[in-house]
Each structure stands twice: as structure tokens, then as C-alpha cells.
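To be precise, the following lines are upload18.cif, and they hold mmCIF, C-alpha atoms (C1' of nucleotides).
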data_run
loop_
_atom_site.label_atom_id
_atom_site.label_comp_id
_atom_site.auth_asym_id
_atom_site.auth_seq_id
_atom_site.Cartn_x
_atom_site.Cartn_y
_atom_site.Cartn_z
CA MET A 18 0.00 0.00 0.00
CA LYS A 19 2.96 2.30 -0.28
CA SER A 20 2.43 5.35 -2.39
CA LYS A 21 5.09 5.85 -4.95
CA ILE A 22 6.99 9.03 -4.38
CA LEU A 23 7.80 10.85 -7.58
CA PRO A 24 11.26 12.19 -8.31
CA PRO A 25 11.80 15.76 -7.15
CA GLU A 26 11.54 18.29 -9.94
CA SER A 27 14.24 20.57 -8.67
CA ILE A 28 17.19 20.60 -6.38
CA ASP A 29 15.25 22.84 -4.03
CA GLU A 30 12.52 20.26 -3.81
CA LEU A 31 15.03 17.49 -3.26
CA MET A 32 16.73 19.43 -0.47
CA HIS A 33 13.42 20.27 1.11
CA ARG A 34 12.47 16.61 1.25
CA ALA A 35 15.85 15.74 2.70
CA GLN A 36 15.57 18.44 5.35
CA GLU A 37 12.11 17.28 6.32
CA MET A 38 13.50 13.78 6.77
CA ALA A 39 16.39 14.92 8.98
CA GLY A 40 15.87 14.18 12.66
CA LEU A 41 13.69 11.15 12.07
CA ASN A 42 15.05 7.79 13.03
CA LEU A 43 15.07 4.84 10.68
CA GLY A 44 12.19 3.15 12.48
CA GLN A 45 9.94 6.12 11.85
CA LEU A 46 10.92 6.31 8.19
CA ALA A 47 10.44 2.58 7.76
CA GLU A 48 6.95 2.83 9.24
CA ILE A 49 6.00 5.55 6.79
CA HIS A 50 6.99 3.25 3.95
CA ASN A 51 5.60 0.08 5.46
CA VAL A 52 8.85 -1.76 5.48
CA ALA A 53 10.24 -3.96 8.24
CA VAL A 54 13.36 -2.90 10.09
CA PRO A 55 16.04 -5.60 10.08
CA SER A 56 17.71 -6.37 13.41
CA ASN A 57 21.12 -5.96 11.83
CA LEU A 58 22.55 -5.17 8.43
CA LYS A 59 24.50 -8.38 7.86
CA ARG A 60 22.05 -9.53 5.23
CA ASP A 61 20.67 -6.09 4.44
CA LYS A 62 23.72 -3.98 3.80
CA GLY A 63 21.95 -1.67 1.40
CA TRP A 64 18.75 -1.35 3.42
CA ILE A 65 19.30 2.17 4.71
CA GLY A 66 20.29 3.50 1.32
CA GLN A 67 17.24 2.00 -0.32
CA LEU A 68 14.88 3.28 2.36
CA ILE A 69 16.17 6.79 1.85
CA GLU A 70 15.92 6.42 -1.92
CA LEU A 71 12.25 5.62 -1.40
CA GLU A 72 11.64 8.70 0.70
CA LEU A 73 13.45 11.06 -1.62
CA GLY A 74 11.96 9.63 -4.79
CA ALA A 75 15.16 8.34 -6.35
CA THR A 76 14.69 6.20 -9.38
CA ALA A 77 15.36 2.68 -8.16
CA GLY A 78 17.33 0.51 -10.48
CA SER A 79 20.79 -0.72 -11.19
CA LYS A 80 21.69 1.71 -13.91
CA PRO A 81 25.23 3.11 -13.76
CA GLU A 82 23.97 6.66 -13.49
CA GLN A 83 23.35 9.34 -10.94
CA ASP A 84 20.31 8.75 -8.74
CA PHE A 85 18.72 12.00 -9.89
CA LEU A 86 20.00 12.18 -13.43
CA HIS A 87 17.72 15.06 -14.35
CA LEU A 88 19.16 17.09 -11.48
CA GLY A 89 22.73 15.89 -11.85
CA VAL A 90 22.78 14.61 -8.29
CA GLU A 91 24.09 11.37 -6.82
CA LEU A 92 22.64 10.22 -3.48
CA LYS A 93 24.88 8.69 -0.82
CA THR A 94 23.95 7.69 2.68
CA ILE A 95 26.96 7.63 4.95
CA PRO A 96 27.21 5.96 8.35
CA VAL A 97 28.65 8.25 11.01
CA ASP A 98 29.55 7.97 14.68
CA GLU A 99 28.27 10.23 17.47
CA SER A 100 30.71 12.96 16.49
CA GLY A 101 29.72 12.89 12.84
CA LYS A 102 32.78 11.03 11.63
CA PRO A 103 32.25 8.53 8.81
CA LEU A 104 32.48 4.91 9.92
CA GLU A 105 32.96 3.41 6.49
CA THR A 106 34.51 4.22 3.14
CA THR A 107 32.07 5.30 0.45
CA TYR A 108 31.50 3.13 -2.59
CA VAL A 109 31.44 5.17 -5.77
CA THR A 110 31.23 2.85 -8.77
CA VAL A 111 32.64 -0.28 -10.32
CA ALA A 112 36.02 0.05 -11.94
CA PRO A 113 36.30 -0.69 -15.64
CA LEU A 114 38.96 -3.34 -16.24
CA MET A 115 38.56 -3.84 -19.98
CA ASN A 116 38.42 -1.60 -23.05
CA ILE A 117 39.95 1.28 -21.19
CA ASN A 118 42.50 2.41 -23.72
CA GLY A 119 41.94 6.08 -24.32
CA LEU A 120 39.39 6.39 -21.52
CA ARG A 121 39.61 9.94 -20.29
CA TRP A 122 38.83 11.28 -16.84
CA GLN A 123 35.92 13.38 -18.06
CA GLU A 124 34.32 10.27 -19.53
CA SER A 125 34.69 8.19 -16.40
CA LEU A 126 31.88 7.04 -14.16
CA VAL A 127 33.75 8.40 -11.15
CA TYR A 128 33.85 11.88 -12.65
CA HIS A 129 30.19 11.88 -13.54
CA LYS A 130 28.92 10.46 -10.28
CA LEU A 131 30.92 12.85 -8.14
CA GLN A 132 29.87 16.01 -9.94
CA ARG A 133 27.36 16.63 -7.22
CA VAL A 134 26.55 14.40 -4.27
CA LEU A 135 23.75 14.63 -1.75
CA TRP A 136 25.18 13.16 1.45
CA ILE A 137 22.75 11.87 4.03
CA PRO A 138 24.58 11.12 7.28
CA VAL A 139 22.95 8.37 9.31
CA GLU A 140 24.01 7.12 12.74
CA GLY A 141 25.93 3.94 12.11
CA ILE A 142 27.03 2.84 15.55
CA ARG A 143 26.80 -0.94 15.37
CA GLN A 144 25.55 -1.32 18.92
CA LYS A 145 22.63 0.98 18.27
CA PRO A 146 19.45 -0.74 17.08
CA ILE A 147 18.77 0.06 13.43
CA GLY A 148 15.34 1.51 14.09
CA GLU A 149 16.72 4.00 16.63
CA ARG A 150 19.44 5.38 14.40
CA ARG A 151 18.78 8.97 13.46
CA ILE A 152 19.02 10.59 10.05
CA GLY A 153 21.13 13.71 9.87
CA SER A 154 20.98 16.94 7.93
CA PRO A 155 21.62 16.63 4.21
CA ILE A 156 24.75 18.02 2.65
CA LEU A 157 24.82 18.94 -1.02
CA TRP A 158 28.44 18.77 -2.08
CA THR A 159 30.11 19.90 -5.25
CA PRO A 160 33.80 19.03 -5.23
CA SER A 161 36.16 21.96 -5.21
CA GLU A 162 38.72 22.14 -7.96
CA ALA A 163 41.36 20.88 -5.54
CA GLU A 164 39.20 17.97 -4.46
CA MET A 165 38.47 16.99 -8.03
CA THR A 166 42.17 17.13 -8.81
CA GLN A 167 42.96 14.77 -5.96
CA ILE A 168 40.35 12.32 -7.10
CA ARG A 169 41.47 12.60 -10.70
CA GLN A 170 45.10 11.94 -9.85
CA ASP A 171 44.23 8.81 -7.91
CA TRP A 172 41.92 7.66 -10.67
CA GLU A 173 44.57 8.15 -13.34
CA GLU A 174 47.23 6.33 -11.36
CA ILE A 175 44.96 3.38 -10.70
CA MET A 176 43.65 3.24 -14.25
CA GLU A 177 47.16 3.24 -15.63
CA LEU A 178 48.08 0.23 -13.53
CA ILE A 179 44.94 -1.52 -14.72
CA ALA A 180 45.81 -0.73 -18.33
CA LEU A 181 49.28 -2.19 -17.79
CA GLY A 182 47.78 -5.45 -16.59
CA LYS A 183 48.73 -4.84 -12.98
CA VAL A 184 45.28 -4.81 -11.42
CA GLU A 185 46.22 -7.53 -8.95
CA GLN A 186 49.09 -5.44 -7.64
CA ILE A 187 46.78 -2.59 -6.72
CA THR A 188 45.84 -2.55 -3.05
CA ALA A 189 43.55 -0.31 -1.05
CA ARG A 190 46.65 1.63 0.00
CA HIS A 191 46.99 3.15 -3.43
CA GLY A 192 45.48 6.57 -3.83
CA GLU A 193 45.25 9.47 -1.42
CA VAL A 194 41.50 9.86 -1.42
CA LEU A 195 40.21 7.28 -3.90
CA GLN A 196 41.01 3.60 -3.51
CA LEU A 197 40.36 0.40 -5.42
CA ARG A 198 38.91 -2.54 -3.51
CA PRO A 199 37.07 -5.76 -4.32
CA LYS A 200 33.43 -5.28 -5.23
CA GLY A 201 31.61 -8.46 -5.95
CA ALA A 202 29.51 -11.25 -4.58
CA ASN A 203 32.63 -12.79 -3.05
CA SER A 204 36.26 -13.54 -3.79
CA ARG A 205 35.28 -16.22 -6.31
CA ALA A 206 33.44 -13.77 -8.57
CA LEU A 207 35.39 -13.20 -11.76
CA THR A 208 35.43 -10.68 -14.55
CA GLN A 209 37.67 -10.04 -17.52
CA SER A 210 40.71 -7.84 -17.14
CA ILE A 211 43.89 -7.02 -18.98
CA ALA A 212 46.92 -9.27 -18.54
CA GLN A 213 50.48 -7.96 -18.60
CA ASP A 214 50.95 -9.29 -22.11
CA GLY A 215 47.83 -7.48 -23.23
CA GLN A 216 45.69 -10.59 -23.41
CA VAL A 217 42.51 -11.16 -21.44
CA LYS A 218 42.61 -12.70 -17.98
CA LEU A 219 40.11 -13.19 -15.17
CA THR A 220 40.17 -11.16 -11.95
CA ASN A 221 37.88 -10.27 -9.06
CA PRO A 222 35.70 -7.29 -9.90
CA ARG A 223 36.81 -4.05 -8.24
CA GLY A 224 35.16 -0.83 -7.23
CA PHE A 225 36.27 2.69 -6.46
CA TYR A 226 35.78 3.92 -2.90
CA LEU A 227 36.37 7.26 -1.20
CA LYS A 228 38.57 7.00 1.87
CA ILE A 229 37.26 8.05 5.26
CA PRO A 230 39.50 11.09 5.91
CA PHE A 231 38.32 12.58 2.63
CA THR A 232 34.61 12.20 3.30
CA GLN A 233 35.19 13.31 6.86
CA GLN A 234 36.59 16.60 5.54
CA ILE A 235 33.59 17.07 3.28
CA LEU A 236 31.12 16.54 6.08
CA SER A 237 32.95 18.77 8.54
CA ARG A 238 33.42 21.49 5.96
CA TYR A 239 29.68 21.80 5.50
CA LEU A 240 28.79 21.26 9.13
CA THR A 241 29.08 24.88 10.22
CA ALA A 242 27.88 26.23 6.90
CA ASN A 243 24.29 26.48 8.05
"C1'" DA B 5 41.03 0.72 16.68
"C1'" DG B 6 41.35 1.46 11.92
"C1'" DA B 7 41.83 -0.05 7.45
"C1'" DT B 8 41.83 -3.70 3.95
"C1'" DG B 9 39.86 -7.36 1.70
"C1'" DA B 10 35.49 -10.05 1.64
"C1'" DT B 11 30.78 -10.38 1.51
"C1'" DC B 12 25.27 -9.96 1.23
"C1'" DA B 13 20.68 -8.79 -1.20
"C1'" DT B 14 18.44 -7.57 -5.32
"C1'" DA B 15 17.46 -6.15 -10.23
"C1'" DT B 16 18.48 -6.68 -15.01
"C1'" DA C 14 27.87 -11.47 -15.08
"C1'" DT C 15 27.33 -6.56 -13.88
"C1'" DA C 16 25.23 -3.02 -11.86
"C1'" DT C 17 22.89 -0.90 -7.75
"C1'" DG C 18 22.66 -0.29 -2.39
"C1'" DA C 19 26.61 -0.71 0.99
"C1'" DT C 20 28.58 -3.00 5.65
"C1'" DC C 21 30.94 -6.97 7.56
"C1'" DA C 22 34.84 -9.09 9.64
"C1'" DT C 23 39.52 -10.19 9.62
"C1'" DC C 24 44.17 -8.51 9.75
"C1'" DT C 25 47.60 -5.49 11.10
#
File written out as C-alpha cells:
Amino acid sequence: MKSKILPPESIDELMHRAQEMAGLNLGQLAEIHNVAVPSNLKRDKGWIGQLIELELGATAGSKPEQDFLHLGVELKTIPVDESGKPLETTYVTVAPLMNINGLRWQESLVYHKLQRVLWIPVEGIRQKPIGERRIGSPILWTPSEAEMTQIRQDWEEIMELIALGKVEQITARHGEVLQLRPKGANSRALTQSIAQDGQVKLTNPRGFYLKIPFTQQILSRYLTAN
DNA sequence: AGATGATCATAT
DNA sequence: ATATGATCATCT
């Protein structure tokens, strides 16, 4: 019996919805949408993100695009501790491992998704029951030139290693603000990648993630701005 | 304790 | 298999 919430028509409308949602806890929001609150997130890791998508009218789906394509906005929920510090890295997008010769930064999924991000901080303290965790104030972030440069440099370094067939040598320690980590069903999941001799080989799928100190800076930068 | 590598659910 | 939504859980 849930009423479908339509996508917001403007950024103002999106922000208004997000501000109205701030201060609620997840139990209250779940009740509004008639969904059950899981007792933990072990088997429901994306539950919070999808609940908030529902409330804000994001287009559900698995398309590799921004959540609000017509507004140029990507939605990210981010778990934070009591002081507002992120508790986890932030997944951005899968990393392309094939057909990447000549792929430029401005054409990358990372570049497009991070043009503008609506961050929704949510209490993520593991000991706190899911339903009691509160939703924070939204932060609409457009990367500064310096921030984009940092991300771009990490992206280019990582993509070059991938192009050289060295994907398996890349660890999460590479990159100042953007890292490459496994992103798949499990460590047995395989996808095509480039071998050192230029042939095709199989590797675990990877994704790009933003490191915690970077997202922490973003959140704290906007904290006093209201 | 924090970060890295692994994993879970679902849609297409 | 690949994309979305991410957090879990082990290692250092």
C-alpha cells in the first residue's frame, strides 16, 4: 500500500524533502513506507540506502547513473559515529577493467557520479538498534577544484596500472582519497581484465571507494555552513 | 582501533 | 555477469 513518491523536480525540492527527513530515526521512516526494520545489516547492507531512496523519490534501479539524473545529483547515505565522523569508506562505482585504452577522466563514471553528491549522514554505531538510528541533515556537495584534482590523480594512477595489466598489484593503500577494492559477490566472482601481455585474464571485480579522511573533511566542511 | 579485503541482497 | 545499495569481519 505504499504510495510511490515521484522524483523531485528541482534541487530545491530534493533538499526540502531531505531536510524534512532529517531528525527522524530509521524506524519512523520505515513505518511511513511500510517496510520492516532488520535487526542488523549483515544480510541487508543496502537497506538504509534504499529506504532513503524511497523517501526522496530516487529512481530505483541498477543503472550506472546518478540517482537523480535530471538534477545531476548522486545520493549517498553515509554511516557516522556520534561525532559525525564517517564509519565506512564510500562506494562510488565499479572500476572498468577492460576496453579502457583512451578512456579519459571526463568520460569516467567516477567523474560523472561525483559532480554533485547529496550526502545523508545516518548514525551507524553498530551497537545501536537500526530503528533508533537517526538521520542527519543533508549536505549537497560539489567538489572543489582541488578535491576533483585529488580524485582525478588517484583515478589516473589506478587506471594506468589496470591498463598495464597490474590490477592484482593494486591494493587499497593506493590513492590518497580514492582507492580500489574488491566489489563483488565474493572472492570467487570473476570478470575479464587485462593481462600484462595485453591478453585477457580473469580477476575479481573491483570498485572505487572514497577514503574516510576525505569524506570526513567534506562533512565537517559543511557542518558549520548552516 | 582502523583499514583492507570479503561479503550480502536484489534487479536486469 | 554486472550493476545498484553498501557493511561486515579479519588482519595489522
May I ask you to extract the residues of chain A within 10 Å of chain C, using all atoms listed in the file, and to give them as a compact mmCIF listing (two decimals) with C-alpha atoms, in the frame of the given file?
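New file result_9.txt:
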# COMPACT_ATOMS: atom_id res chain seq x y z
CA LEU A 58 22.55 -5.17 8.43
CA LYS A 59 24.50 -8.38 7.86
CA ARG A 60 22.05 -9.53 5.23
CA ASP A 61 20.67 -6.09 4.44
CA LYS A 62 23.72 -3.98 3.80
CA GLY A 63 21.95 -1.67 1.40
CA TRP A 64 18.75 -1.35 3.42
CA ILE A 65 19.30 2.17 4.71
CA GLY A 66 20.29 3.50 1.32
CA GLN A 67 17.24 2.00 -0.32
CA LEU A 68 14.88 3.28 2.36
CA GLU A 70 15.92 6.42 -1.92
CA ALA A 77 15.36 2.68 -8.16
CA GLY A 78 17.33 0.51 -10.48
CA SER A 79 20.79 -0.72 -11.19
CA LYS A 80 21.69 1.71 -13.91
CA PRO A 81 25.23 3.11 -13.76
CA GLU A 82 23.97 6.66 -13.49
CA LYS A 93 24.88 8.69 -0.82
CA THR A 94 23.95 7.69 2.68
CA ILE A 95 26.96 7.63 4.95
CA PRO A 96 27.21 5.96 8.35
CA LEU A 104 32.48 4.91 9.92
CA GLU A 105 32.96 3.41 6.49
CA THR A 106 34.51 4.22 3.14
CA THR A 107 32.07 5.30 0.45
CA TYR A 108 31.50 3.13 -2.59
CA THR A 110 31.23 2.85 -8.77
CA VAL A 111 32.64 -0.28 -10.32
CA GLY A 141 25.93 3.94 12.11
CA GLY A 201 31.61 -8.46 -5.95
CA ALA A 206 33.44 -13.77 -8.57
CA LEU A 207 35.39 -13.20 -11.76
CA THR A 208 35.43 -10.68 -14.55
CA PRO A 222 35.70 -7.29 -9.90
Should the cut-off be 8 Å, what would the residue list for chain B against chain A look like, counting only C-alpha atoms (C1' of nucleotides), as an mmCIF file with C-alpha atoms (C1' of nucleotides), in the coordinates of the input?
data_model
loop_
_atom_site.group_PDB
_atom_site.id
_atom_site.type_symbol
_atom_site.label_atom_id
_atom_site.label_comp_id
_atom_site.auth_asym_id
_atom_site.auth_seq_id
_atom_site.Cartn_x
_atom_site.Cartn_y
_atom_site.Cartn_z
ATOM 1 C "C1'" DT B 8 41.830 -3.700 3.950
ATOM 2 C "C1'" DG B 9 39.860 -7.360 1.700
ATOM 3 C "C1'" DA B 10 35.490 -10.050 1.640
ATOM 4 C "C1'" DT B 11 30.780 -10.380 1.510
ATOM 5 C "C1'" DC B 12 25.270 -9.960 1.230
ATOM 6 C "C1'" DA B 13 20.680 -8.790 -1.200
ATOM 7 C "C1'" DA B 15 17.460 -6.150 -10.230
ATOM 8 C "C1'" DT B 16 18.480 -6.680 -15.010
#
Task: Interatomic distance (Å, one decimal) between atom CA of A:Leu219 and atom CA of A:Ala180 - done: 14.1 Å
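Here atom CA of A:Val97 and atom CA of A:Trp172 stand 25.4 Å from one another.
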